[in-house]
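Text of structure37.txt, listed as compact mmCIF, C-alpha atoms:
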# COMPACT_ATOMS: atom_id res chain seq x y z
CA MET B 1 20.79 0.96 -8.54
CA LYS B 2 20.79 -1.45 -5.64
CA LEU B 3 17.46 -0.97 -3.85
CA LEU B 4 16.59 -2.08 -0.33
CA VAL B 5 12.81 -2.59 -0.45
CA THR B 6 11.08 -3.10 2.90
CA GLY B 7 7.80 -5.01 2.78
CA GLY B 8 8.72 -6.48 -0.58
CA ALA B 9 6.62 -9.62 -0.03
CA GLY B 10 3.47 -7.54 0.38
CA PHE B 11 1.05 -6.31 -2.24
CA ILE B 12 2.60 -3.01 -3.35
CA GLY B 13 6.12 -3.93 -2.30
CA SER B 14 6.15 -7.06 -4.43
CA ALA B 15 4.98 -5.07 -7.45
CA VAL B 16 7.94 -2.73 -6.88
CA VAL B 17 10.34 -5.67 -6.56
CA ARG B 18 9.10 -7.30 -9.77
CA GLN B 19 9.23 -4.05 -11.73
CA ALA B 20 12.65 -3.06 -10.38
CA ILE B 21 14.14 -6.40 -11.46
CA ARG B 22 12.57 -5.99 -14.90
CA ASP B 23 14.11 -2.51 -15.10
CA GLY B 24 17.58 -3.89 -14.42
CA HIS B 25 18.04 -2.87 -10.78
CA GLN B 26 19.37 -5.05 -7.99
CA VAL B 27 16.87 -5.60 -5.19
CA VAL B 28 17.20 -6.64 -1.57
CA ASN B 29 13.74 -7.57 -0.29
CA LEU B 30 13.46 -7.15 3.50
CA ASP B 31 10.24 -8.55 4.93
CA ALA B 32 9.12 -9.92 8.31
CA LEU B 33 6.60 -12.21 6.57
CA THR B 34 3.65 -11.25 8.73
CA TYR B 35 0.10 -12.38 7.96
CA ALA B 36 -0.36 -10.38 4.72
CA ALA B 37 3.00 -11.25 3.16
CA CYS B 38 3.57 -13.98 0.58
CA LEU B 39 6.89 -14.92 -0.97
CA GLU B 40 4.85 -16.32 -3.86
CA ASN B 41 4.31 -12.67 -4.83
CA VAL B 42 7.94 -12.46 -5.95
CA ALA B 43 8.37 -16.03 -7.18
CA SER B 44 8.75 -14.79 -10.77
CA VAL B 45 12.00 -12.98 -9.88
CA SER B 46 13.27 -14.96 -6.90
CA ASN B 47 15.83 -16.88 -8.96
CA SER B 48 17.29 -13.75 -10.52
CA PRO B 49 20.93 -13.03 -9.61
CA ALA B 50 19.79 -9.44 -9.04
CA TYR B 51 17.44 -10.48 -6.21
CA ALA B 52 18.15 -11.19 -2.55
CA PHE B 53 15.77 -11.83 0.34
CA GLU B 54 16.29 -10.91 3.99
CA HIS B 55 13.81 -12.25 6.54
CA ALA B 56 13.95 -9.39 9.03
CA ASP B 57 11.67 -7.08 10.99
CA ILE B 58 11.92 -3.29 10.78
CA ARG B 59 11.38 -3.22 14.54
CA ASP B 60 14.73 -5.05 14.97
CA ARG B 61 17.44 -2.40 14.74
CA ALA B 62 20.33 -4.87 14.94
CA ALA B 63 18.93 -6.82 11.99
CA LEU B 64 18.60 -3.61 9.98
CA ASP B 65 22.20 -2.61 10.67
CA ARG B 66 23.33 -6.05 9.49
CA VAL B 67 21.30 -5.80 6.28
CA PHE B 68 22.70 -2.35 5.45
CA ALA B 69 26.27 -3.47 6.14
CA THR B 70 25.89 -6.66 4.12
CA HIS B 71 24.15 -5.29 1.04
CA ARG B 72 25.25 -1.61 0.90
CA PRO B 73 22.17 -0.28 -0.95
CA ASP B 74 22.10 2.89 -3.05
CA ALA B 75 18.55 3.66 -1.95
CA VAL B 76 15.84 2.53 0.44
CA MET B 77 12.22 2.14 -0.59
CA HIS B 78 10.33 1.86 2.68
CA LEU B 79 6.94 0.20 2.18
CA ALA B 80 6.77 -2.13 5.19
CA ALA B 81 3.72 -1.22 7.26
CA GLU B 82 0.57 -2.47 8.88
CA SER B 83 -2.04 -1.11 6.49
CA HIS B 84 -5.57 -2.45 7.09
CA VAL B 85 -7.82 0.20 8.64
CA ASP B 86 -10.26 -2.30 10.14
CA ARG B 87 -7.45 -4.19 11.89
CA SER B 88 -6.11 -0.87 13.21
CA ILE B 89 -9.44 -0.17 14.88
CA ASP B 90 -9.40 -3.52 16.67
CA GLY B 91 -5.69 -3.55 17.49
CA PRO B 92 -3.95 -0.18 17.15
CA ALA B 93 -0.82 -1.16 19.10
CA ALA B 94 0.66 -3.15 16.22
CA PHE B 95 0.24 -0.15 13.93
CA ILE B 96 2.04 2.19 16.32
CA ASP B 97 4.81 -0.35 16.85
CA THR B 98 5.43 -1.14 13.18
CA ASN B 99 4.57 2.11 11.42
CA LEU B 100 6.11 4.52 13.93
CA THR B 101 8.80 2.60 15.81
CA GLY B 102 9.68 0.57 12.72
CA THR B 103 10.06 3.69 10.59
CA PHE B 104 12.18 5.30 13.32
CA ASN B 105 14.47 2.25 13.26
CA MET B 106 14.69 2.38 9.48
CA LEU B 107 15.60 6.07 9.54
CA GLU B 108 18.27 5.58 12.18
CA ALA B 109 19.75 2.53 10.47
CA ALA B 110 19.78 4.38 7.15
CA ARG B 111 21.32 7.48 8.73
CA ALA B 112 24.08 5.46 10.40
CA TYR B 113 24.85 3.68 7.14
CA TRP B 114 24.74 6.90 5.09
CA THR B 115 27.04 8.66 7.55
CA ALA B 116 29.49 5.75 7.59
CA GLN B 117 29.61 5.96 3.79
CA ASP B 118 30.60 9.66 4.00
CA LYS B 119 27.08 10.79 3.12
CA PRO B 120 26.97 10.00 -0.61
CA ALA B 121 24.86 12.56 -2.46
CA GLN B 122 23.13 9.93 -4.57
CA PHE B 123 21.71 8.00 -1.58
CA ARG B 124 17.95 8.18 -1.13
CA PHE B 125 15.50 7.18 1.58
CA HIS B 126 12.11 6.90 -0.14
CA HIS B 127 9.18 6.71 2.26
CA ILE B 128 5.92 5.40 0.78
CA SER B 129 2.72 6.57 2.48
CA THR B 130 -1.00 7.03 1.89
CA ASP B 131 -3.52 9.74 1.04
CA GLU B 132 -5.41 8.75 4.20
CA VAL B 133 -3.09 10.99 6.24
CA TYR B 134 -5.01 13.97 4.86
CA GLY B 135 -8.32 12.89 6.37
CA THR B 136 -11.50 13.22 4.37
CA LEU B 137 -12.78 15.44 1.57
CA GLY B 138 -16.27 16.74 0.91
CA ALA B 139 -17.94 16.49 -2.46
CA GLU B 140 -15.39 18.85 -4.06
CA GLY B 141 -11.64 19.35 -4.01
CA LEU B 142 -8.48 17.25 -4.21
CA PHE B 143 -5.63 16.37 -1.88
CA THR B 144 -2.42 18.20 -2.78
CA GLU B 145 1.00 17.89 -1.22
CA ASP B 146 0.16 21.00 0.83
CA THR B 147 -3.10 19.67 2.27
CA PRO B 148 -2.93 19.74 6.11
CA TYR B 149 -2.75 16.36 7.78
CA ALA B 150 -5.95 15.27 9.57
CA PRO B 151 -5.89 11.46 9.99
CA ASN B 152 -9.05 9.82 11.29
CA SER B 153 -8.09 6.18 11.98
CA PRO B 154 -5.33 4.56 14.01
CA TYR B 155 -3.81 3.36 10.73
CA SER B 156 -3.76 6.77 9.06
CA ALA B 157 -2.55 8.44 12.26
CA SER B 158 0.37 6.00 12.44
CA LYS B 159 1.26 6.70 8.82
CA ALA B 160 0.98 10.45 9.37
CA GLY B 161 3.36 10.11 12.30
CA SER B 162 5.83 8.17 10.18
CA ASP B 163 5.66 10.86 7.49
CA HIS B 164 6.53 13.49 10.08
CA LEU B 165 9.48 11.43 11.30
CA VAL B 166 10.85 11.16 7.77
CA ARG B 167 10.52 14.88 7.19
CA ALA B 168 12.22 15.63 10.52
CA TRP B 169 15.17 13.36 9.73
CA GLN B 170 15.71 15.27 6.49
CA GLU B 171 15.42 18.67 8.14
CA THR B 172 17.45 17.83 11.24
CA TYR B 173 20.08 15.39 9.97
CA GLY B 174 20.12 16.10 6.25
CA LEU B 175 19.14 12.54 5.35
CA PRO B 176 18.23 12.69 1.65
CA VAL B 177 14.58 11.67 1.67
CA VAL B 178 11.77 11.56 -0.87
CA MET B 179 8.14 10.91 0.12
CA THR B 180 5.09 9.74 -1.82
CA ASN B 181 1.45 9.49 -0.75
CA CYS B 182 -0.76 7.26 -2.86
CA SER B 183 -4.45 6.63 -3.38
CA ASN B 184 -6.16 3.21 -3.06
CA ASN B 185 -4.23 0.50 -4.89
CA TYR B 186 -5.71 -2.59 -6.52
CA GLY B 187 -4.54 -5.34 -8.85
CA PRO B 188 -2.81 -8.74 -8.80
CA PHE B 189 -1.58 -10.22 -5.52
CA GLN B 190 -3.73 -8.00 -3.27
CA PHE B 191 -4.35 -9.75 0.04
CA PRO B 192 -7.96 -11.02 0.23
CA GLU B 193 -9.14 -8.77 3.07
CA LYS B 194 -9.28 -5.57 0.99
CA LEU B 195 -12.41 -4.42 -0.83
CA ILE B 196 -11.79 -5.51 -4.42
CA PRO B 197 -10.54 -9.04 -3.63
CA VAL B 198 -13.37 -9.46 -1.13
CA VAL B 199 -15.92 -8.58 -3.80
CA ILE B 200 -14.40 -10.92 -6.37
CA LEU B 201 -13.92 -13.89 -4.06
CA ASN B 202 -17.27 -13.59 -2.26
CA ALA B 203 -19.06 -13.27 -5.58
CA LEU B 204 -17.33 -16.38 -6.91
CA ALA B 205 -18.31 -18.29 -3.76
CA GLY B 206 -21.91 -17.06 -3.81
CA LYS B 207 -21.43 -15.36 -0.44
CA PRO B 208 -22.82 -11.96 0.60
CA ILE B 209 -20.71 -9.06 -0.64
CA PRO B 210 -20.41 -6.63 2.29
CA VAL B 211 -20.67 -2.91 1.49
CA TYR B 212 -20.17 -0.50 4.37
CA GLY B 213 -22.98 1.96 5.07
CA LYS B 214 -24.73 2.88 1.84
CA GLY B 215 -21.64 2.47 -0.32
CA GLU B 216 -21.40 6.22 -0.87
CA ASN B 217 -17.73 6.52 0.14
CA VAL B 218 -15.52 7.63 -2.75
CA ARG B 219 -11.97 6.51 -3.45
CA ASP B 220 -9.43 7.28 -6.16
CA TRP B 221 -8.23 3.93 -7.54
CA LEU B 222 -4.64 3.30 -8.70
CA TYR B 223 -3.55 0.13 -10.50
CA VAL B 224 -0.67 -1.33 -8.52
CA GLU B 225 1.71 -1.70 -11.46
CA ASP B 226 1.23 1.97 -12.33
CA HIS B 227 2.06 2.76 -8.71
CA ALA B 228 5.25 0.68 -8.88
CA GLU B 229 6.36 2.68 -11.92
CA ALA B 230 5.64 5.92 -10.07
CA LEU B 231 7.65 4.82 -7.03
CA LEU B 232 10.67 3.80 -9.08
CA THR B 233 10.47 7.12 -10.90
CA ALA B 234 10.35 9.01 -7.61
CA VAL B 235 13.28 7.22 -5.99
CA GLN B 236 15.48 7.86 -9.03
CA ARG B 237 14.41 11.34 -10.04
CA GLY B 238 12.52 12.88 -7.13
CA THR B 239 13.90 16.04 -5.52
CA VAL B 240 15.36 15.56 -2.05
CA GLY B 241 12.94 16.77 0.62
CA ARG B 242 10.04 16.79 -1.84
CA SER B 243 6.78 14.87 -1.52
CA TYR B 244 4.70 13.62 -4.43
CA ASN B 245 1.05 12.56 -4.47
CA VAL B 246 0.38 9.51 -6.65
CA GLY B 247 -3.17 8.95 -7.87
CA GLY B 248 -5.04 7.05 -10.54
CA ASN B 249 -7.39 9.84 -11.70
CA ALA B 250 -10.14 7.29 -11.19
CA GLU B 251 -12.71 8.25 -8.55
CA ALA B 252 -15.58 5.87 -7.87
CA LYS B 253 -18.18 5.31 -5.17
CA ASN B 254 -17.74 1.99 -3.45
CA ILE B 255 -21.18 0.80 -4.50
CA ASP B 256 -20.50 1.65 -8.15
CA LEU B 257 -17.16 -0.15 -8.00
CA VAL B 258 -18.79 -3.25 -6.53
CA ARG B 259 -21.50 -3.29 -9.18
CA THR B 260 -18.91 -2.91 -11.94
CA ILE B 261 -17.00 -5.93 -10.64
CA CYS B 262 -20.24 -7.91 -10.43
CA ALA B 263 -21.02 -7.03 -14.05
CA ILE B 264 -17.55 -8.21 -15.15
CA LEU B 265 -18.10 -11.50 -13.33
CA ASP B 266 -21.53 -11.84 -14.93
CA ARG B 267 -19.72 -11.92 -18.29
CA LYS B 268 -16.83 -14.13 -17.26
CA ARG B 269 -18.43 -16.51 -14.73
CA ALA B 270 -22.17 -16.33 -15.29
CA GLN B 271 -24.43 -17.71 -12.59
CA ALA B 272 -28.18 -18.34 -12.54
CA ALA B 273 -28.73 -14.79 -11.28
CA PRO B 274 -26.60 -11.61 -11.49
CA HIS B 275 -23.78 -11.37 -8.95
CA ASP B 276 -25.02 -8.03 -7.64
CA ARG B 277 -27.86 -9.90 -5.91
CA LEU B 278 -25.21 -10.77 -3.31
CA ILE B 279 -24.58 -7.16 -2.28
CA SER B 280 -25.30 -6.72 1.42
CA PHE B 281 -25.17 -3.32 3.13
CA VAL B 282 -23.54 -3.67 6.56
CA ALA B 283 -22.77 -1.45 9.54
CA ASP B 284 -20.31 1.27 8.61
CA ARG B 285 -16.75 1.46 9.89
CA PRO B 286 -16.22 3.92 12.80
CA GLY B 287 -14.74 7.18 11.50
CA HIS B 288 -15.13 6.10 7.87
CA ASP B 289 -13.72 8.87 5.64
CA LEU B 290 -16.22 9.99 3.02
CA ARG B 291 -13.99 10.77 0.07
CA TYR B 292 -10.36 10.66 -1.04
CA ALA B 293 -9.13 12.20 -4.28
CA ILE B 294 -5.56 12.91 -5.37
CA ASP B 295 -4.16 15.83 -7.35
CA ALA B 296 -1.16 14.18 -9.03
CA THR B 297 -0.08 17.28 -10.96
CA ARG B 298 3.31 17.57 -9.26
CA ILE B 299 4.58 14.10 -10.12
CA ARG B 300 3.26 14.49 -13.67
CA ASP B 301 4.83 17.90 -14.29
CA GLU B 302 8.11 17.39 -12.42
CA LEU B 303 8.84 13.70 -13.01
CA GLY B 304 6.77 12.90 -16.09
CA TRP B 305 4.68 10.13 -14.53
CA LYS B 306 0.98 9.58 -15.09
CA PRO B 307 -1.23 6.50 -14.75
CA SER B 308 -1.48 4.32 -17.84
CA VAL B 309 -4.29 1.96 -16.78
CA THR B 310 -7.89 3.16 -16.60
CA LEU B 311 -10.15 1.86 -13.86
CA ALA B 312 -12.19 -0.13 -16.38
CA GLU B 313 -9.06 -1.76 -17.81
CA GLY B 314 -7.57 -2.38 -14.39
CA LEU B 315 -10.69 -4.05 -13.01
CA GLU B 316 -10.85 -6.38 -16.03
CA ARG B 317 -7.20 -7.33 -15.52
CA THR B 318 -7.69 -7.81 -11.80
CA VAL B 319 -10.76 -10.05 -12.16
CA ASP B 320 -8.94 -12.10 -14.80
CA TRP B 321 -5.93 -12.50 -12.48
CA TYR B 322 -8.01 -13.74 -9.54
CA LEU B 323 -9.91 -16.13 -11.81
CA ALA B 324 -6.60 -17.57 -13.04
CA ASN B 325 -4.83 -17.72 -9.67
CA GLU B 326 -7.01 -19.63 -7.25
CA ALA B 327 -3.93 -21.56 -6.10
CA TRP B 328 -2.53 -18.27 -4.79
CA TRP B 329 -5.58 -16.87 -2.98
CA ARG B 330 -7.26 -20.02 -1.72
CA PRO B 331 -4.70 -20.77 1.07
CA LEU B 332 -4.71 -17.12 2.18
CA GLN B 333 -8.38 -17.32 3.09
CA ASP B 334 -7.39 -19.50 6.06
CA ARG B 335 -5.18 -16.80 7.60
CA ALA B 336 -6.30 -15.06 10.79
CA GLY B 337 -9.06 -12.50 10.32
CA VAL B 338 -9.65 -13.11 6.61
CA GLY B 339 -13.36 -13.30 5.88
CA GLU B 340 -14.30 -11.92 9.30
CA ARG B 341 -15.87 -8.54 9.93
CA LEU B 342 -13.23 -6.44 11.70
CA GLY B 343 -13.10 -2.85 12.84
CA LEU B 344 -16.46 -2.47 14.56
CA GLU B 345 -15.10 -1.83 18.04
CA THR B 346 -15.69 1.79 19.06
CA ALA B 347 -13.73 3.66 21.70
CA SER B 348 -16.51 3.23 24.27
CA GLU B 349 -16.67 -0.51 23.62
CA ALA B 350 -12.91 -0.81 23.92
CA ALA B 351 -13.02 1.03 27.27
CA ALA B 352 -15.78 -1.27 28.49
CA ASP B 353 -13.76 -4.32 27.45
CA ALA B 354 -10.67 -2.99 29.22
CA SER B 355 -12.63 -2.46 32.43
CA GLY B 356 -13.81 -6.03 32.45
Just give me the structure as structure tokens.
Amino acid sequence: MKLLVTGGAGFIGSAVVRQAIRDGHQVVNLDALTYAACLENVASVSNSPAYAFEHADIRDRAALDRVFATHRPDAVMHLAAESHVDRSIDGPAAFIDTNLTGTFNMLEAARAYWTAQDKPAQFRFHHISTDEVYGTLGAEGLFTEDTPYAPNSPYSASKAGSDHLVRAWQETYGLPVVMTNCSNNYGPFQFPEKLIPVVILNALAGKPIPVYGKGENVRDWLYVEDHAEALLTAVQRGTVGRSYNVGGNAEAKNIDLVRTICAILDRKRAQAAPHDRLISFVADRPGHDLRYAIDATRIRDELGWKPSVTLAEGLERTVDWYLANEAWWRPLQDRAGVGERLGLETASEAAADASG
């Protein structure tokens, strides 16, 4: 297949690009190269004759039309998005613009291309989303594909909106779409503002390791290379109009995850005192969802995918990767917002700021 991957210089997108090239597909990587993108993420495949890069923004419809006409993809894998919850609290406009308007542009560009090609049955528009659209769980239960949407942050609301757009374009126009909603990803090349890289890099630097609230929030963790395999499975074999939840079957409280990473670093980069001495409990994020957990039965039973990397294995691999790749992450720490506490502005504070 020839795949048009949006956001292919980002964390998950680059894993998809690398895996797709290894699997023998052709890949067109479309990325605006915003703050969290790095072309170094795809350096291992950038010289492949099966790879092409397009520096373009999904908010630019004319650029999208040009890319479709030039490359004539068999399928779209739409990953480009603003994705950091804390940044969405401080600046929601960028999330609405990219995740909603950008997805609308992608759908319309794809529909125009698909129609001009006489609506080939094999074409797919694969929209990649998040479990955060479902809101929060209590101590029991799992998110299924039928769980009602109840997003609680500007980020998750923007992704929920984009999911609804994709579904509507399939129902109204017949665009052949597939959707996936994933749990928290981690692994190599994750931008150093997300929890696991923050823990690793702060611990290495001897800096406080911030843990929101009491660290009781629970997430289901999915190794990024497992996720890439799931996405490529879904775009090739998923049923049109169907959605699939993708999870790692690996729930953990944030505080337990942080302590596990500290223990790994104690073995690999011992200091005078254990790394967990650096843990610092900080003010919680507004609207912080308590628990996410994915029921991935559908993708397992219908498409034959299941995660292959346990959380223990994945964390070892991830720590090893960051230890070995300082030349990758060190320059990223100078990018805007990295290392700063974001996402503390509440609605009342925002209103007060707006009023002067």
For range 297-303 of chain B: contacts at 8 Å, all atoms listed in the file, fewer than 6 positions along chain excluded, given as a compact mmCIF listing (two decimals) with C-alpha atoms, in the coordinates of the input:
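Output (part.txt):
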# COMPACT_ATOMS: atom_id res chain seq x y z
CA THR B 233 10.47 7.12 -10.90
CA ALA B 234 10.35 9.01 -7.61
CA ARG B 237 14.41 11.34 -10.04
CA GLY B 238 12.52 12.88 -7.13
CA TYR B 244 4.70 13.62 -4.43
CA ASN B 245 1.05 12.56 -4.47
CA VAL B 246 0.38 9.51 -6.65
Handout entry: Selection near Leu137 in chain B, 9 Å with only C-alpha atoms, sequence-local residues under 2 positions removed, as a count of residues only
Key = 12
Problem - Nearest to Gln170 in chain B, chosen from B:Ala110, B:Val67, B:Leu195, B:Val235, with only C-alpha atoms counted in the distances - result: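 That would be B:Ala110, the residue with the smallest distance to Gln170 in chain B.
Using only C-alpha atoms, the nearest neighbour of Asp320 in chain B within the list B:Pro286, B:Gly206, B:Gly102, B:Pro197 is B:Pro197.
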Practice task
Measuring atom to atom with all atoms listed in the file, identify which of B:Ala50, B:Ala94, B:Ala80, B:Leu342 is nearest to Glu193 in chain B.
Solution key: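 Smallest distance to Glu193 in chain B is found for B:Leu342.
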Practice task
Give me the residues within 10 Å of Ala15 in chain B as a ChimeraX atom specification, counting all atoms listed in the file and dropping any in the same chain fewer than 2 places off.
Solution key: /B:8-13,17-20,41-42,187-189,224-229
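Comparing B:Met106, B:Leu165, B:Ala263, B:Ile89 by their smallest distance to Asn152 in chain B, the closest is B:Ile89 (using only C-alpha atoms).
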Problem - B:Ala283, B:Leu201, B:Leu4, B:Val218 ranked by distance to Tyr322 in chain B, top pick (using all atoms listed in the file) - result: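 When distances to Tyr322 in chain B are compared using all atoms listed in the file, the smallest one comes from B:Leu201.
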Completion exercise
Across B:Asn29, B:Ser46, B:Thr318, B:Thr103, the smallest distance to Arg61 in chain B, with only C-alpha atoms counted, is shown by B:Thr103
Practice task
Could you please determine the separation between CA of Gln236 in chain B and CA of His126 in chain B in Å, to one decimal place?
Solution key: 9.6 Å
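Those DNA, RNA and protein residues that approach the point (-21.7, 3.8, -4.9) to within 6 Å, considering all atoms listed in the file, are Gly215, Glu216, Lys253, Asn254, Ile255 and Asp256 of chain B.
Note that the spacing between CA of Arg242 in chain B and CA of Val178 in chain B amounts to 5.6 Å.
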Practice task
Report the distance between CA of Glu82 in chain B and CA of Phe53 in chain B in Å, rounded to one decimal place.
Solution key: 19.8 Å
Centre, x/y/z edge lengths, axis-aligned box for range 113-130 of chain B with 3 Å per side, as AutoDock Vina command-line options:
--center_x 14.8 --center_y 8.1 --center_z 1.5 --size_x 37.6 --size_y 14.9 --size_z 18.2
Exercise for the section: Write out as an MDAnalysis selection string each polymer residue whose atoms come within 7 Å of His78 in chain B, counting all atoms listed in the file; drop sequence neighbours fewer than 6 positions from it. Expected result: chainID B and resid 5:6 126:128
